[in-house]
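> The structure is given below, and queries will be raised subsequently.
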2 protein chains.
Amino acid sequence: MIHNLTLSDVLSEHARSRPETTAVVDGELRLTYPHLDARVSRLASALAGRGVAAGDRVLWLGQNSHAILELLLACSRLGAVFCPANWRQSADELRFVLSDLSPKVVVWEHSDTTAALAPGTGQRERSETSAGLAPDAGLAAVDRPVSWVRAGEEYEEFLASGELHDFPPVEDTAPVLALYTAAFDGRPNAALLSSAALVAHSTSLLVVRQMEPGFTFLDNGPLFHVGTMMFCLATLQIGGTNVIMPAFDAEELCRLVDAEKVTQAFLFGQMIDAVVAANAGGKYDLSSLRFISHSAEWDEMTTVDDSPWCRSKMGGYGQTEVGGMLTFLGLAPGAAGFAGRPSPLVQVRILAPDGTELPPGEVGEICARGKSLFSGYFARPELNAAKSAYGWHHTGDLGRREPDGTITFVGPKLRMIKSGAENVYPAEVERALKAHPTVADAAVIGTPDERWHQAVKAVVVTRPGKTATAEELIEHVRSTLASYKKPREVVFAEEIPKKGFTPDYDALDERYGGGNYPGV
Amino acid sequence: MIHNLTLSDVLSEHARSRPETTAVVDGELRLTYPHLDARVSRLASALAGRGVAAGDRVLWLGQNSHAILELLLACSRLGAVFCPANWRQSADELRFVLSDLSPKVVVWEHSDTTAALAPGTGQRERSETSAGLAPDAGLAAVDRPVSWVRAGEEYEEFLASGELHDFPPVEDTAPVLALYTAAFDGRPNAALLSSAALVAHSTSLLVVRQMEPGFTFLDNGPLFHVGTMMFCLATLQIGGTNVIMPAFDAEELCRLVDAEKVTQAFLFGQMIDAVVAANAGGKYDLSSLRFISHSAEWDEMTTVDDSPWCRSKMGGYGQTEVGGMLTFLGLAPGAAGFAGRPSPLVQVRILAPDGTELPPGEVGEICARGKSLFSGYFARPELNAAKSAYGWHHTGDLGRREPDGTITFVGPKLRMIKSGAENVYPAEVERALKAHPTVADAAVIGTPDERWHQAVKAVVVTRPGKTATAEELIEHVRSTLASYKKPREVVFAEEIPKKGFTPDYDALDERYGGGNYPGV
């Protein structure tokens, strides 16, 4: 245990080292580190009271909330696994998550979709069954009680019911956070991250972003996504302050930056423009914000960050499975490869399908080892074996080494469409389309779109003698997947060109106007 | 292996990511990362050829040299343990190290003391026996061949004899570096540090010192000491350049800073004054050096570093057993406790002797857990059990939490004298004195000294009917311990006041003028 450091341990240390520092701000709620520590202990006790033990899952369905950080830390204290799910998913998608993850406790905020899932008032537990799960899901039938706790008053009562006491130590290699990611076969998978991996990733961000005590992060992006979660956790690691926004709102963001002297937020392109517009009169003082240079107005309102994270272009290459960022542009000033150089805590290799390393200049799969890597997907033994072939994590993305040693991200090995900030995997949309009774075959491509970077376009072959309108098929997809995944356009064809068993995407692009794929 | 990251792995990654970056400069020798990587592979093969396998020790006896970094990395590649020993020790002390560590290979530079130990020309191996070791040393009798390789040409031939090939992966939790430290019972112990601990400590320095690619460190302090080694390794971690100086020399330091555009060196007080004097005419451009503010002349020659490491006062609290620094002043601006706050990768507790945590304001032992902690001492099972009592590493130092959560270092639990930059442990000097035939009892205190902070003073009780001069006893200590440990003054007394079995140091200080102890 001498070398152990869980997220719960990080909190325990801050409660001692930073007794007066604000850990979390969420609306009217302000918690110092000792307050947060005490609440997390009570919450862990309350969860244990509902049967949550080491390895069990706890699910959050809702917007950003201080409860996400508290539930994560409480799970760390118990050795359990916390999953903040994308509450914008359809009821069907959330039902899949419930069956797949089989949580002991669900904490939920009210929405049309969550209300359809949660039990009625006064009913604290109900059984979930795995009926309807595909037989290849690798899950045993689930038929056991799930505790549902509604966010707000009920959550506060639940937390207060827990007792303050010490907890036995937990190994920091145990998974603590589950984030649903990329649907490789048209179905999302929960990437499991251990405390050791999250702490390591946080320190790599501390290094590259040069974060210091006093760092205040505005959690305005979704905390179910690694992009916001990774900065939330790095802020925790350095003993800074997390200011939680339920969801992005430009004016409220300005107010919070001013009031809390926020150092950084989760912002890019259009969001920055919206913030500039919201603060056009200079009503709010945004000078505490140290961020990327963007436009003359923005740079005047804020302070341009000169850390490696923001010095030239922001970012690098990353994915949930590596804890967030695998490579950083900030570690490769003037680099040839636009993904930069690996984090100080990982190794990267460009591997051929047979596991041999490719020389600089040749395209292969970006593979990795290191301290920040995930522990595999929950309940996906076959996929896990494939993803860790030859002792290296296979990212599923293509890249190459440039002569200067930097990495270029070439594109996903499986096609990916970028619509707004969201990734859309053709396989997932195709699977949804093929579930419609009139559809014999389908392929999905991305077409260039000025506003959203790409738009989703479906090519559909109908069954003999059957017909459906484009509107019907779009509505069908919308009813089973998140709205942003639905095709903007559907065209009907006689057949889908194939390469082996998979669609010939290059031919489809040429024929139907596909293009603008990310990383190409 | 997916989460593994040894020092050897860090080098392997840099060889790919930084093919043109200079890793090491040592006199005429300049090595890029790919060159260093290839030399380390050859060296590892050559060491394996001399029988070095996982867990075996390799010893360096000499000044600072590129060979220290190469041997460390080669041992990491093999899973072996490398020890750079203090070559300024007496022949007796080095003999103890040889017996204690029982290395398979010794690489040595010529000096009066090493020449007395190394076999004659043409003789490549000789047996070392543990005869003379105290029976409580916990060591099996050692009587086996040791390979001696002389630094310089013979080392180059040895390295060139190794073949380039791949090595099987090594767990990063395996010890890789052994550094001799504090003599708790009058005898030094080799602290074992794993790759995982060293990598973790390096990242904490990257965070606090805000080190970036391009960082160039001048290794002018002794690499057998964690103070210089920790910056050498952090520079390796970020893919920077280590410039090696055999030993400190003010003018040569100026020349190297200018020529290599050095970012930081291992400097303090008197050394900085010597550098300022050596560069009085402004012959060398030292503006690349970003370091602590010291004097008007110094600040004008160099660039004051504004990272947390140097922002107010430099440093914190540390020891070899925690990988270097445990707490940083830079993480606690305006703190009450002058040791600052813990590194982001450790936990600190102030514990009572019974293992219970003490509240803020109460003095207890500084104890720690975390990613950078050592793996225990080599071949000291009983000491290791005592040092890790209650699941916490016991530093042997006293401290307290201040109300603001910061840590104050109060002083060593066992007395320690500070003479210049060196620590002198009374127990060690007392043991040497008591080995003299005329001495019945002895106690050692530190007296305030304007130049050296403290001077070593011995109080001696002679055996009935025996006498010795102060000069004789001083010479006796000098012949068995490093010169700086010898008493400056010896006074003779009728008896040593005791508290239980140990000297009553407070009474001795009062009677014989002791004071100025570090941390009080």
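So you can find residues: chains in the structure tokens are A, B, ... in the order shown, residues in each start at 1, and ligands are numbered from 1 in order.
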Show me, as a PyMOL selection string, the residues that have an atom within 8 Å of Val429 (chain B) when counting only C-alpha atoms, minus same-chain residues fewer than 2 positions from it.

chain B and resi 186+424-427+431-433+444+477+481+485-486

> Counting only C-alpha atoms, give me one row per residue of chain B with an atom at most 6 Å from an atom of chain A, showing the shortest contact pair and its distance in Å to one decimal, sorted by chain then residue number, as a Markdown table.


```
| residue | atom | partner | partner_atom | distance |
| --- | --- | --- | --- | --- |
| B:Ile2 | CA | A:Arg369 | CA | 4.7 |
| B:His3 | CA | A:Gly370 | CA | 4.4 |
| B:Asn4 | CA | A:Gly370 | CA | 5.5 |
| B:Leu5 | CA | A:Gly370 | CA | 5.7 |
| B:Glu13 | CA | A:Gln347 | CA | 5.6 |
| B:Arg16 | CA | A:Gly405 | CA | 5.5 |
| B:Ser17 | CA | A:Gly405 | CA | 3.9 |
| B:Arg18 | CA | A:Gly405 | CA | 5.4 |
| B:Leu206 | CA | A:Val207 | CA | 5.9 |
| B:Val207 | CA | A:Val207 | CA | 4.7 |
| B:Gln347 | CA | A:Glu13 | CA | 5.6 |
| B:Arg369 | CA | A:Ile2 | CA | 4.7 |
| B:Gly370 | CA | A:His3 | CA | 4.4 |
| B:Lys371 | CA | A:His3 | CA | 4.9 |
| B:Trp392 | CA | A:Ile2 | CA | 5.9 |
| B:Gly405 | CA | A:Ser17 | CA | 3.9 |
| B:Thr406 | CA | A:Ser17 | CA | 5.7 |
```

> What gap, in Å, lies between CA of His476 (chain B) and CA of Val456 (chain B)?

14.6 Å

> What's around region 257-269 of chain A at 6 Å? Count only C-alpha atoms, leave out sequence neighbours fewer than 2 positions away in its own chain, and write the answer as a PyMOL selection string.

chain A and resi 215-218+221+254-255+271-272+284-286+288-290

> List the spatial neighbours of Ser479 (chain A) as JSON, numbers by chain - criterion: any atom at most 9 Å away, only C-alpha atoms, same-chain residues fewer than 4 positions off excluded.

{"A": [90, 91, 92, 474, 475, 483]}

> How about saving the chosen residues, N, CA, C and O atoms kept, as a JSON list (two decimals), in the first residue's frame?


```json
[["chain", "number", "residue", "atom", "x", "y", "z"],
["A", 90, "SER", "N", -31.03, 8.30, -26.43],
["A", 90, "SER", "CA", -32.44, 7.90, -26.48],
["A", 90, "SER", "C", -32.73, 6.92, -25.35],
["A", 90, "SER", "O", -31.81, 6.35, -24.75],
["A", 91, "ALA", "N", -34.01, 6.71, -25.07],
["A", 91, "ALA", "CA", -34.40, 5.76, -24.02],
["A", 91, "ALA", "C", -33.87, 4.37, -24.33],
["A", 91, "ALA", "O", -33.41, 3.65, -23.44],
["A", 92, "ASP", "N", -33.88, 3.99, -25.62],
["A", 92, "ASP", "CA", -33.35, 2.67, -26.01],
["A", 92, "ASP", "C", -31.86, 2.57, -25.69],
["A", 92, "ASP", "O", -31.39, 1.55, -25.20],
["A", 474, "ILE", "N", -35.29, 8.28, -41.42],
["A", 474, "ILE", "CA", -34.61, 9.24, -40.52],
["A", 474, "ILE", "C", -35.26, 9.21, -39.14],
["A", 474, "ILE", "O", -34.60, 9.15, -38.11],
["A", 475, "GLU", "N", -36.59, 9.19, -39.14],
["A", 475, "GLU", "CA", -37.33, 9.16, -37.87],
["A", 475, "GLU", "C", -37.04, 7.85, -37.11],
["A", 475, "GLU", "O", -36.91, 7.83, -35.89],
["A", 483, "SER", "N", -30.02, 12.02, -31.39],
["A", 483, "SER", "CA", -30.55, 12.75, -32.54],
["A", 483, "SER", "C", -29.45, 13.13, -33.55],
["A", 483, "SER", "O", -29.65, 13.07, -34.75]]
```

> Applying 12 Å and only C-alpha atoms, which residues near Asp509 (chain B) remain after dropping the ones on its own chain fewer than 4 positions away? List them as JSON, numbers by chain.

{"B": [415, 443, 444, 445, 446, 447, 448, 456, 457, 458, 459, 496, 497, 503, 504, 505, 513, 514, 515, 516, 517]}
